[in-house]
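Trainee: What follows is run-v4.txt, compact mmCIF, C-alpha atoms and all ligand atoms.
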```txt
# COMPACT_ATOMS: atom_id res chain seq x y z
CA MET A 1 31.44 12.65 11.66
CA LYS A 2 32.18 9.39 9.99
CA TYR A 3 29.25 6.98 9.79
CA ASP A 4 29.04 3.40 8.59
CA TYR A 5 25.65 4.01 6.93
CA LEU A 6 23.65 6.90 5.57
CA ILE A 7 20.01 5.84 5.33
CA VAL A 8 17.95 7.92 2.94
CA GLY A 9 14.26 7.77 3.88
CA ALA A 10 12.73 7.15 7.32
CA GLY A 11 9.99 4.87 5.95
CA LEU A 12 9.53 1.34 7.22
CA PHE A 13 12.39 -0.08 5.15
CA GLY A 14 14.85 2.57 6.28
CA CYS A 15 13.75 2.23 9.91
CA VAL A 16 14.12 -1.57 10.06
CA PHE A 17 17.46 -1.53 8.26
CA SER A 18 18.85 1.26 10.49
CA HIS A 19 17.70 -0.51 13.63
CA GLU A 20 19.28 -3.80 12.61
CA MET A 21 22.59 -2.22 11.66
CA LYS A 22 22.66 -0.17 14.85
CA GLN A 23 22.06 -3.38 16.83
CA ALA A 24 25.02 -4.87 14.98
CA GLY A 25 27.20 -2.04 16.28
CA LYS A 26 27.22 0.11 13.14
CA SER A 27 26.79 3.87 13.22
CA CYS A 28 23.88 5.21 11.17
CA LEU A 29 22.52 8.59 10.14
CA VAL A 30 18.98 8.78 8.76
CA ILE A 31 17.83 11.61 6.53
CA GLU A 32 14.21 12.17 5.54
CA LYS A 33 12.86 14.82 3.20
CA ARG A 34 9.43 14.98 4.85
CA ASP A 35 8.92 16.65 8.21
CA HIS A 36 8.14 13.36 9.95
CA ILE A 37 9.41 9.80 10.19
CA ALA A 38 7.55 6.57 9.27
CA GLY A 39 7.05 7.23 5.53
CA ASN A 40 3.65 6.14 4.30
CA ILE A 41 2.75 4.26 7.47
CA TYR A 42 2.72 7.57 9.36
CA THR A 43 -0.23 7.95 11.72
CA LYS A 44 -1.06 11.05 13.73
CA GLU A 45 -3.44 11.46 16.63
CA GLN A 46 -6.31 13.85 15.94
CA HIS A 47 -9.14 14.25 18.47
CA GLY A 48 -8.05 11.05 20.20
CA ILE A 49 -8.17 9.12 16.90
CA GLN A 50 -5.13 7.65 15.15
CA VAL A 51 -5.42 9.00 11.60
CA HIS A 52 -3.64 7.06 8.84
CA MET A 53 -2.17 10.06 7.03
CA TYR A 54 -1.26 8.22 3.81
CA GLY A 55 -4.23 5.90 3.42
CA ALA A 56 -5.59 2.94 5.39
CA HIS A 57 -2.84 0.58 6.57
CA ILE A 58 -3.80 -2.86 7.81
CA PHE A 59 -1.00 -5.11 8.92
CA HIS A 60 -1.35 -8.68 7.69
CA THR A 61 1.22 -11.41 7.26
CA SER A 62 1.81 -15.13 7.31
CA ASP A 63 5.47 -14.62 8.22
CA ARG A 64 5.73 -15.57 11.88
CA GLU A 65 9.11 -13.91 12.38
CA VAL A 66 7.82 -10.60 10.96
CA TRP A 67 4.68 -10.82 13.10
CA ASP A 68 6.79 -11.37 16.23
CA TYR A 69 9.07 -8.50 15.17
CA VAL A 70 6.23 -5.94 14.97
CA ASN A 71 4.55 -7.26 18.10
CA ALA A 72 7.73 -6.54 20.02
CA LEU A 73 7.35 -2.90 18.91
CA ALA A 74 3.62 -2.31 19.42
CA ASP A 75 0.55 -3.90 20.88
CA PHE A 76 -1.60 -5.15 17.98
CA ASN A 77 -5.38 -5.40 18.27
CA ASN A 78 -7.49 -8.07 16.57
CA TYR A 79 -8.88 -5.83 13.80
CA ILE A 80 -9.99 -7.82 10.75
CA ASN A 81 -10.37 -5.94 7.50
CA SER A 82 -13.90 -6.45 6.15
CA PRO A 83 -14.58 -3.67 3.66
CA VAL A 84 -18.01 -2.86 2.34
CA ALA A 85 -18.73 -1.77 -1.24
CA VAL A 86 -21.41 0.77 -2.14
CA TYR A 87 -22.83 0.70 -5.67
CA LYS A 88 -25.68 3.12 -6.40
CA GLY A 89 -26.91 2.89 -2.83
CA GLU A 90 -26.69 -0.92 -2.70
CA LEU A 91 -24.31 -2.44 -0.15
CA TYR A 92 -22.12 -5.49 -0.71
CA ASN A 93 -19.55 -7.29 1.40
CA LEU A 94 -15.99 -7.65 0.18
CA PRO A 95 -14.00 -9.63 -0.75
CA PHE A 96 -16.40 -11.35 -3.17
CA ASN A 97 -17.88 -14.09 -1.04
CA MET A 98 -21.18 -15.83 -0.28
CA ASN A 99 -22.52 -12.71 1.48
CA THR A 100 -21.83 -10.75 -1.72
CA PHE A 101 -23.38 -13.41 -3.95
CA HIS A 102 -26.44 -13.64 -1.74
CA ALA A 103 -26.97 -9.89 -2.03
CA LEU A 104 -26.23 -9.83 -5.78
CA PHE A 105 -28.10 -12.96 -6.94
CA GLY A 106 -30.36 -13.98 -4.04
CA VAL A 107 -28.54 -17.35 -3.84
CA ASN A 108 -27.91 -19.15 -0.56
CA THR A 109 -25.53 -21.99 -1.37
CA PRO A 110 -22.09 -22.14 -2.98
CA LYS A 111 -23.47 -24.44 -5.67
CA GLU A 112 -26.13 -21.90 -6.68
CA ALA A 113 -23.60 -19.06 -6.68
CA LYS A 114 -21.13 -21.01 -8.84
CA GLN A 115 -23.93 -21.84 -11.26
CA VAL A 116 -25.01 -18.22 -11.73
CA ILE A 117 -21.43 -17.05 -12.25
CA ALA A 118 -20.59 -19.94 -14.60
CA GLU A 119 -23.70 -19.18 -16.69
CA GLN A 120 -22.73 -15.50 -16.97
CA ILE A 121 -19.19 -16.40 -17.98
CA LYS A 122 -20.49 -18.84 -20.59
CA GLU A 123 -22.98 -16.34 -21.96
CA ALA A 124 -20.29 -13.67 -22.34
CA GLY A 125 -18.31 -16.18 -24.41
CA VAL A 126 -14.90 -14.58 -23.88
CA THR A 127 -12.18 -17.06 -24.84
CA ASN A 128 -9.15 -14.86 -25.31
CA PRO A 129 -9.50 -11.64 -23.23
CA GLN A 130 -8.11 -8.61 -25.03
CA ASN A 131 -8.77 -6.02 -22.36
CA LEU A 132 -9.48 -5.73 -18.64
CA GLU A 133 -13.26 -5.78 -19.12
CA GLN A 134 -13.16 -9.09 -20.98
CA GLN A 135 -10.66 -10.50 -18.51
CA ALA A 136 -12.80 -9.60 -15.47
CA ILE A 137 -15.99 -10.94 -17.05
CA SER A 138 -14.25 -14.19 -17.99
CA LEU A 139 -13.20 -14.60 -14.35
CA ALA A 140 -16.23 -13.42 -12.37
CA GLY A 141 -19.18 -12.94 -14.73
CA THR A 142 -20.99 -9.76 -15.77
CA THR A 143 -22.76 -8.75 -12.54
CA VAL A 144 -19.69 -8.78 -10.29
CA TYR A 145 -17.82 -6.92 -13.03
CA GLU A 146 -20.49 -4.27 -13.68
CA LYS A 147 -21.31 -3.52 -10.04
CA LEU A 148 -18.08 -4.09 -8.18
CA VAL A 149 -15.09 -4.01 -10.54
CA LYS A 150 -15.76 -1.68 -13.47
CA GLY A 151 -16.21 1.79 -11.94
CA TYR A 152 -13.67 1.25 -9.16
CA THR A 153 -10.96 0.08 -11.56
CA GLU A 154 -11.69 2.88 -14.04
CA LYS A 155 -11.32 5.46 -11.27
CA GLN A 156 -8.11 3.84 -10.03
CA TRP A 157 -6.47 3.88 -13.43
CA GLY A 158 -8.19 6.94 -14.88
CA ARG A 159 -9.12 4.92 -17.99
CA ASP A 160 -11.98 2.88 -19.39
CA CYS A 161 -11.69 -0.86 -18.60
CA ARG A 162 -11.82 -1.59 -22.34
CA GLU A 163 -8.66 0.45 -22.77
CA LEU A 164 -6.79 -1.27 -19.95
CA PRO A 165 -4.68 -4.39 -20.54
CA PRO A 166 -6.09 -7.70 -19.24
CA PHE A 167 -3.06 -8.60 -17.09
CA ILE A 168 -3.89 -5.91 -14.48
CA ILE A 169 -6.42 -8.39 -13.12
CA LYS A 170 -4.66 -11.74 -13.13
CA ARG A 171 -7.07 -13.30 -10.68
CA LEU A 172 -10.36 -12.24 -9.14
CA PRO A 173 -10.64 -14.45 -6.09
CA LEU A 174 -14.21 -15.60 -5.53
CA ARG A 175 -14.74 -17.05 -2.08
CA TYR A 176 -17.57 -19.53 -1.76
CA THR A 177 -17.86 -19.21 2.03
CA TYR A 178 -19.61 -16.62 4.20
CA ASP A 179 -16.31 -15.00 5.13
CA ASN A 180 -15.80 -11.22 4.93
CA ASN A 181 -12.16 -11.27 6.06
CA TYR A 182 -10.37 -9.47 3.23
CA PHE A 183 -6.97 -11.08 3.77
CA ASN A 184 -6.01 -14.73 3.73
CA ASP A 185 -2.98 -14.22 5.98
CA ARG A 186 -2.57 -15.97 9.28
CA TYR A 187 -1.94 -12.81 11.34
CA GLN A 188 -3.69 -9.45 11.09
CA GLY A 189 -4.21 -6.35 13.22
CA ILE A 190 -3.64 -2.66 13.82
CA PRO A 191 -1.08 -1.31 16.30
CA VAL A 192 -2.98 0.26 19.19
CA GLY A 193 -1.80 3.87 19.28
CA GLY A 194 -0.83 3.93 15.60
CA TYR A 195 2.13 3.00 13.42
CA THR A 196 4.39 5.96 14.13
CA GLN A 197 5.48 4.45 17.46
CA ILE A 198 6.98 1.52 15.51
CA ALA A 199 9.20 3.89 13.55
CA GLU A 200 10.05 5.83 16.73
CA LYS A 201 11.15 2.69 18.52
CA LEU A 202 13.18 1.45 15.58
CA LEU A 203 14.96 4.79 15.30
CA ALA A 204 15.55 5.31 19.03
CA ASP A 205 19.20 6.28 19.58
CA ILE A 206 19.77 6.87 15.86
CA PRO A 207 20.25 10.46 14.66
CA VAL A 208 17.53 11.54 12.21
CA ARG A 209 17.49 14.73 10.16
CA LEU A 210 14.03 15.67 8.92
CA GLY A 211 13.33 18.01 6.02
CA THR A 212 16.57 16.81 4.44
CA GLU A 213 16.73 15.79 0.79
CA TYR A 214 19.55 13.47 -0.30
CA LYS A 215 21.10 15.38 -3.21
CA ALA A 216 20.94 18.72 -1.39
CA PHE A 217 22.35 17.10 1.75
CA LEU A 218 25.34 15.70 -0.18
CA THR A 219 26.31 19.14 -1.38
CA GLU A 220 26.45 20.60 2.14
CA THR A 221 27.49 17.79 4.50
CA GLU A 222 30.99 17.26 5.75
CA ASP A 223 30.07 13.88 7.21
CA THR A 224 31.33 10.76 5.47
CA PHE A 225 29.64 7.41 5.01
CA ASP A 226 30.98 3.99 4.07
CA LYS A 227 27.67 3.00 2.54
CA VAL A 228 24.30 4.46 1.60
CA LEU A 229 20.89 2.82 1.72
CA TYR A 230 18.59 4.72 -0.64
CA THR A 231 14.81 4.20 -0.27
CA GLY A 232 13.68 7.02 -2.56
CA MET A 233 12.72 6.64 -6.24
CA ILE A 234 15.42 4.79 -8.14
CA ASP A 235 14.80 6.71 -11.38
CA GLU A 236 15.11 10.01 -9.55
CA PHE A 237 18.41 8.86 -8.03
CA PHE A 238 19.81 8.33 -11.53
CA GLU A 239 18.31 11.62 -12.72
CA TYR A 240 15.86 9.84 -15.01
CA CYS A 241 18.69 8.97 -17.39
CA TYR A 242 16.63 6.19 -19.01
CA GLY A 243 13.27 7.94 -18.59
CA GLN A 244 10.64 8.15 -15.88
CA LEU A 245 9.02 5.17 -14.15
CA GLU A 246 5.24 5.47 -13.90
CA TYR A 247 3.25 5.58 -10.68
CA ARG A 248 -0.34 6.15 -9.68
CA SER A 249 -0.90 8.76 -7.03
CA LEU A 250 -3.70 9.55 -4.58
CA ARG A 251 -5.21 12.67 -3.10
CA PHE A 252 -6.56 12.46 0.45
CA GLU A 253 -9.30 14.76 1.72
CA SER A 254 -9.81 14.45 5.45
CA GLU A 255 -12.66 15.89 7.46
CA TYR A 256 -13.31 16.05 11.19
CA LEU A 257 -16.97 15.59 12.06
CA PRO A 258 -17.29 16.72 15.70
CA ASP A 259 -20.98 15.85 16.03
CA GLU A 260 -20.78 12.48 14.34
CA ASP A 261 -19.93 9.52 16.48
CA ASN A 262 -20.08 6.84 13.81
CA PHE A 263 -20.21 8.02 10.20
CA GLN A 264 -20.28 4.79 8.21
CA GLY A 265 -20.10 1.89 10.67
CA ASN A 266 -16.94 0.46 9.14
CA ALA A 267 -13.30 1.48 8.70
CA VAL A 268 -13.26 1.01 4.92
CA VAL A 269 -16.13 1.64 2.51
CA ASN A 270 -15.41 1.38 -1.23
CA TYR A 271 -17.46 3.32 -3.78
CA THR A 272 -17.58 1.19 -6.90
CA GLU A 273 -19.56 3.40 -9.30
CA ARG A 274 -17.54 5.64 -11.57
CA GLU A 275 -19.75 8.70 -11.02
CA VAL A 276 -18.61 9.00 -7.35
CA PRO A 277 -15.18 10.64 -7.74
CA TYR A 278 -13.46 8.98 -4.77
CA THR A 279 -12.70 5.27 -4.51
CA ARG A 280 -13.17 4.88 -0.80
CA ILE A 281 -13.90 6.56 2.51
CA ILE A 282 -11.85 5.59 5.54
CA GLU A 283 -13.29 6.18 9.01
CA HIS A 284 -10.18 5.93 11.12
CA LYS A 285 -11.69 5.36 14.56
CA HIS A 286 -12.95 1.91 13.54
CA PHE A 287 -9.37 0.65 13.23
CA GLU A 288 -9.28 0.91 17.00
CA PHE A 289 -12.91 0.02 17.66
CA GLY A 290 -14.45 3.45 18.01
CA LYS A 291 -12.18 5.36 20.40
CA GLY A 292 -12.08 9.18 20.22
CA GLU A 293 -14.27 12.28 20.15
CA GLY A 294 -16.40 12.78 17.03
CA THR A 295 -14.95 11.09 13.98
CA VAL A 296 -12.35 11.67 11.25
CA ILE A 297 -13.04 10.48 7.71
CA THR A 298 -10.80 10.54 4.67
CA ARG A 299 -11.92 10.38 1.05
CA GLU A 300 -9.37 8.85 -1.31
CA TYR A 301 -9.20 10.20 -4.85
CA PRO A 302 -6.99 8.43 -7.38
CA ALA A 303 -4.67 10.87 -9.14
CA ALA A 304 -2.18 10.89 -11.96
CA PHE A 305 1.44 10.95 -10.86
CA THR A 306 3.56 13.87 -11.91
CA ARG A 307 6.94 14.80 -10.50
CA GLY A 308 6.34 16.64 -7.27
CA ASN A 309 3.34 14.70 -5.98
CA GLU A 310 3.54 11.40 -4.11
CA PRO A 311 4.39 8.20 -6.01
CA TYR A 312 2.09 5.70 -4.27
CA TYR A 313 1.66 2.73 -6.56
CA PRO A 314 4.32 1.48 -8.98
CA VAL A 315 2.78 0.52 -12.33
CA ASN A 316 4.20 -2.96 -12.66
CA ASP A 317 3.55 -3.53 -16.35
CA GLU A 318 5.99 -4.79 -18.97
CA LYS A 319 7.13 -1.35 -20.09
CA ASN A 320 7.94 -0.13 -16.58
CA GLY A 321 9.39 -3.50 -15.59
CA ALA A 322 11.86 -3.29 -18.48
CA LEU A 323 12.75 0.30 -17.56
CA TYR A 324 13.25 -0.64 -13.92
CA ARG A 325 15.59 -3.48 -14.89
CA LYS A 326 17.82 -0.97 -16.66
CA TYR A 327 18.03 1.11 -13.50
CA GLU A 328 18.64 -2.05 -11.50
CA VAL A 329 21.74 -2.75 -13.58
CA LEU A 330 23.03 0.76 -12.82
CA ALA A 331 22.20 0.24 -9.13
CA LYS A 332 24.26 -2.95 -8.98
CA GLU A 333 27.23 -1.10 -10.45
CA GLN A 334 27.20 1.41 -7.57
CA GLY A 335 28.99 -0.84 -5.09
CA ASN A 336 28.53 1.20 -1.95
CA ILE A 337 24.90 2.19 -2.52
CA LEU A 338 22.05 -0.14 -1.64
CA PHE A 339 18.51 0.38 -2.94
CA GLY A 340 15.58 -0.77 -0.85
CA GLY A 341 11.86 -0.41 -0.31
CA ARG A 342 8.87 0.36 -2.42
CA LEU A 343 10.47 3.22 -4.34
CA GLY A 344 14.06 1.99 -4.40
CA GLN A 345 13.02 -1.41 -5.75
CA TYR A 346 9.93 -0.22 -7.65
CA LYS A 347 7.82 -2.93 -6.14
CA TYR A 348 4.37 -2.95 -4.61
CA TYR A 349 5.51 -4.14 -1.21
CA ASP A 350 3.09 -4.59 1.68
CA MET A 351 4.46 -3.70 5.11
CA ASP A 352 5.33 -7.27 6.05
CA LYS A 353 7.25 -7.75 2.81
CA VAL A 354 9.13 -4.51 3.41
CA ILE A 355 10.17 -5.71 6.86
CA ARG A 356 11.20 -9.09 5.48
CA ALA A 357 13.24 -7.49 2.69
CA ALA A 358 14.91 -5.02 5.09
CA LEU A 359 15.78 -7.80 7.55
CA ASP A 360 17.26 -9.86 4.71
CA MET A 361 19.29 -6.93 3.44
CA ALA A 362 20.56 -6.18 6.95
CA ALA A 363 21.47 -9.84 7.49
CA ALA A 364 23.46 -9.84 4.23
CA GLU A 365 25.24 -6.64 5.29
CA LYS A 366 26.14 -8.11 8.68
CA GLU A 367 27.76 -11.06 6.90
CA ARG A 368 30.12 -8.81 4.95
C1 LIG A 401 -2.46 4.14 0.07
C2 LIG A 401 -1.63 2.99 0.55
C3 LIG A 401 -2.21 2.02 1.35
C4 LIG A 401 -1.44 0.95 1.80
N1 LIG A 401 -2.04 0.01 2.58
C5 LIG A 401 -1.31 -1.01 3.05
C6 LIG A 401 -1.92 -2.00 3.89
O1 LIG A 401 -3.11 -1.94 4.20
N2 LIG A 401 -1.14 -3.02 4.33
C7 LIG A 401 0.19 -3.13 4.01
O2 LIG A 401 0.85 -4.07 4.47
N3 LIG A 401 0.79 -2.20 3.24
C8 LIG A 401 0.08 -1.16 2.75
N4 LIG A 401 0.69 -0.19 1.97
C9 LIG A 401 2.13 -0.33 1.68
C10 LIG A 401 3.03 0.35 2.72
O3 LIG A 401 2.75 1.72 2.75
C11 LIG A 401 4.49 0.12 2.33
O4 LIG A 401 4.77 -1.26 2.40
C12 LIG A 401 5.53 0.84 3.20
O5 LIG A 401 5.13 2.08 3.66
C13 LIG A 401 6.78 1.00 2.36
O6 LIG A 401 7.85 1.50 3.14
P1 LIG A 401 9.13 2.10 2.40
O7 LIG A 401 10.08 2.46 3.46
O8 LIG A 401 9.57 1.17 1.33
O9 LIG A 401 8.60 3.38 1.61
P2 LIG A 401 8.05 4.80 2.10
O10 LIG A 401 7.10 4.66 3.21
O11 LIG A 401 7.60 5.50 0.87
O12 LIG A 401 9.36 5.53 2.68
C14 LIG A 401 10.32 6.13 1.86
C15 LIG A 401 10.75 7.42 2.54
O13 LIG A 401 11.86 7.99 1.84
C16 LIG A 401 11.70 9.39 1.81
N5 LIG A 401 12.48 9.87 0.65
C17 LIG A 401 12.27 9.59 -0.65
N6 LIG A 401 13.20 10.19 -1.42
C18 LIG A 401 14.01 10.88 -0.59
C19 LIG A 401 15.14 11.71 -0.79
N7 LIG A 401 15.62 11.93 -2.02
N8 LIG A 401 15.73 12.26 0.29
C20 LIG A 401 15.24 12.05 1.55
N9 LIG A 401 14.17 11.25 1.79
C21 LIG A 401 13.57 10.67 0.75
C22 LIG A 401 10.21 9.58 1.63
O14 LIG A 401 9.80 10.87 2.01
C23 LIG A 401 9.64 8.48 2.52
O15 LIG A 401 9.39 8.94 3.83
C24 LIG A 401 -0.06 0.86 1.45
C25 LIG A 401 0.51 1.84 0.66
C26 LIG A 401 -0.26 2.89 0.19
C27 LIG A 401 0.38 3.93 -0.68
```
In structure tokens, how does this file's structure come out?

Mentor:
Amino acid sequence: MKYDYLIVGAGLFGCVFSHEMKQAGKSCLVIEKRDHIAGNIYTKEQHGIQVHMYGAHIFHTSDREVWDYVNALADFNNYINSPVAVYKGELYNLPFNMNTFHALFGVNTPKEAKQVIAEQIKEAGVTNPQNLEQQAISLAGTTVYEKLVKGYTEKQWGRDCRELPPFIIKRLPLRYTYDNNYFNDRYQGIPVGGYTQIAEKLLADIPVRLGTEYKAFLTETEDTFDKVLYTGMIDEFFEYCYGQLEYRSLRFESEYLPDEDNFQGNAVVNYTEREVPYTRIIEHKHFEFGKGEGTVITREYPAAFTRGNEPYYPVNDEKNGALYRKYEVLAKEQGNILFGGRLGQYKYYDMDKVIRAALDMAAAEKER
């Protein structure tokens, strides 16, 4: 067969791009090395509960066109992400807001909260932060740092905050209203029935080969393609010729609790002390307001990335940024190969940004 496009990776980027090109009359073949489509937004029904198989995914955007796009593919509920933090048995609302400050300091008004935090910042006397600890304290004071930032960040990065560079935390938004909505975006929700249906609808009428890895596929296929969209790791594509880009990984441990109806009362609970080995527990049924028999919970453990496990978070520091730019130059020289998505562009893209980027790439392709 002769196809216009080979799409490598059936994640959100690959799905949106394939759909758009198919709509434009182009023939597409999608290959995916995993045994399922949807990439990291994959959800699977277990005991009547949609389980987010690669970590909690909350859709949020201020891009009206993207919001309309996903709403044409699934029915979104009005879920609002309001995580709770647990520190040594104490409970705090996130993001840092008046509810948090009331629980931490016993203050009731924004003026009182600002005063306590300003005093702590002044007392710490950090003028030129040299590490993440100093940076966080200079932004939010010692109590917020000690109870809510320190342990969580150390677990995420596997290093002491004093050994981490300050730029990791550029801002620590402090919200002086009683508002537990984690995101500032205009639109937010969870697709009722999970995310996988979005990928299924986007790929309807497009041939997909699962369990198919790009390099191996190239050696055996007799099909031809005018162009390739590659959404895997860009450094892997170029056989790490300049070295390996760094990622952070995660390990998920899921558990079905048949006799438990409501384990933690919230979809997302963060554990901010370092001694608890996981960073958060997700209770999936709360994304769809408690449907299902029993409950499924998932503990998330941060993990080092080594070749072979999943590259979840690009490490967007100077060193990796410079390395990525070298690969980007090689990518531009390829001509008939496009690179897209979180791994292909080495960018921490949220879902809405992935859709926007894939739509833009498809629009540019249609113009050619
Ligand atoms: C833990 C976690 C939580 C997140 N939470 C949110 C959230 O709450 N809200 C939000 O908006 N976003 C969230 N995101 C981001 C979201 O997952 C991404 O925006 C989106 O999944 C990226 O889609 P993608 O297609 O770029 O990448 P992916 O989903 O990674 O898809 C790439 C696909 O390519 C396949 N592939 C790679 N290499 C090859 C190869 N050589 N051959 C064949 N196939 C290959 C992979 O198997 C994968 O299926 C989260 C991400 C993570 C990791």

Trainee: Return as lines of an AutoDock Vina configuration file the centre and edge lengths, in Å with one decimal, of the box along x, y and z that encloses every atom of ligand LIG 401 (chain A) in the file, padded by 3 Å per side.

Mentor:
```
center_x = 6.3
center_y = 4.1
center_z = 1.2
size_x = 24.8
size_y = 22.3
size_z = 12.5
```

Trainee: Kindly provide the residues of chain A that approach ligand LIG 401 (chain A) to within 7 Å, each paired with its closest atom pair and their distance in Å to one decimal, based on only C-alpha atoms and all ligand atoms, listed by chain and increasing number, as a Markdown table.

Mentor:
```
| residue | atom | partner | partner_atom | distance |
| --- | --- | --- | --- | --- |
| A:Val8 | CA | A:LIG401 | C20 | 5.1 |
| A:Gly9 | CA | A:LIG401 | O13 | 3.2 |
| A:Ala10 | CA | A:LIG401 | O15 | 5.2 |
| A:Gly11 | CA | A:LIG401 | O12 | 3.4 |
| A:Leu12 | CA | A:LIG401 | O7 | 4.0 |
| A:Phe13 | CA | A:LIG401 | O7 | 3.8 |
| A:Gly14 | CA | A:LIG401 | O7 | 5.5 |
| A:Ile31 | CA | A:LIG401 | C20 | 5.6 |
| A:Glu32 | CA | A:LIG401 | N9 | 3.9 |
| A:Lys33 | CA | A:LIG401 | C20 | 4.0 |
| A:Arg34 | CA | A:LIG401 | O14 | 5.0 |
| A:Ile37 | CA | A:LIG401 | O15 | 6.4 |
| A:Ala38 | CA | A:LIG401 | O15 | 6.2 |
| A:Gly39 | CA | A:LIG401 | O15 | 3.4 |
| A:Asn40 | CA | A:LIG401 | O10 | 3.9 |
| A:Ile41 | CA | A:LIG401 | O5 | 5.0 |
| A:Tyr54 | CA | A:LIG401 | C1 | 5.7 |
| A:Gly55 | CA | A:LIG401 | C1 | 4.2 |
| A:Ala56 | CA | A:LIG401 | C3 | 5.3 |
| A:His57 | CA | A:LIG401 | O1 | 3.5 |
| A:Ile58 | CA | A:LIG401 | O1 | 3.8 |
| A:Phe59 | CA | A:LIG401 | O2 | 4.9 |
| A:His60 | CA | A:LIG401 | O2 | 6.0 |
| A:Thr212 | CA | A:LIG401 | C20 | 5.7 |
| A:Glu213 | CA | A:LIG401 | N8 | 3.7 |
| A:Tyr214 | CA | A:LIG401 | N8 | 4.1 |
| A:Lys215 | CA | A:LIG401 | N7 | 6.6 |
| A:Thr231 | CA | A:LIG401 | O13 | 5.2 |
| A:Gly232 | CA | A:LIG401 | N6 | 3.4 |
| A:Met233 | CA | A:LIG401 | N6 | 6.0 |
| A:Tyr312 | CA | A:LIG401 | C27 | 4.4 |
| A:Tyr313 | CA | A:LIG401 | C27 | 6.1 |
| A:Gly340 | CA | A:LIG401 | O8 | 6.7 |
| A:Gly341 | CA | A:LIG401 | O8 | 3.2 |
| A:Arg342 | CA | A:LIG401 | O8 | 3.9 |
| A:Leu343 | CA | A:LIG401 | O8 | 6.1 |
| A:Tyr349 | CA | A:LIG401 | O4 | 4.7 |
| A:Asp350 | CA | A:LIG401 | O2 | 3.6 |
| A:Met351 | CA | A:LIG401 | O4 | 3.7 |
| A:Asp352 | CA | A:LIG401 | O2 | 5.7 |
| A:Lys353 | CA | A:LIG401 | O4 | 7.0 |
| A:Val354 | CA | A:LIG401 | O4 | 5.5 |
```

Trainee: Counting all atoms listed in the file, which of A:Lys201, A:Lys170, A:Lys22, A:Lys147 gets nearest to Ile7 (chain A)?

Mentor: A:Lys22

Trainee: Work out how far CA of Phe238 (chain A) is from CA of Arg307 (chain A), in Å to one decimal.

Mentor: 14.4 Å

Trainee: Region 77-82 of chain A: which residues within 9 Å, counting all atoms listed in the file, same-chain residues fewer than 6 positions away excluded, as a list in words?

Mentor: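 Returned residues: Ile58, Asn93, Leu94, Pro95, Asp179, Asn180, Asn181, Tyr182, Phe183, Tyr187, Gln188, Gly189, Ile190, Pro191, Val192, Asn266, Ala267, Val268, His286, Phe287, Glu288 and Phe289 of chain A.
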
Trainee: Would you compute the distance between CA of Glu119 (chain A) and CA of Thr143 (chain A)? Give it in Å to one decimal.

Mentor: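 Taking CA of Glu119 (chain A) as the start and CA of Thr143 (chain A) as the end point, the length is 11.3 Å.
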
Trainee: Enter the distance from CA of Phe252 (chain A) to CA of Pro277 (chain A), in Å, rounded to one decimal.

Mentor: 12.0 Å

Trainee: Using only C-alpha atoms, which of the listed residues (A:Met1, A:Ala140, A:Cys241, A:Leu29) sits closest to Pro173 (chain A)?

Mentor: A:Ala140
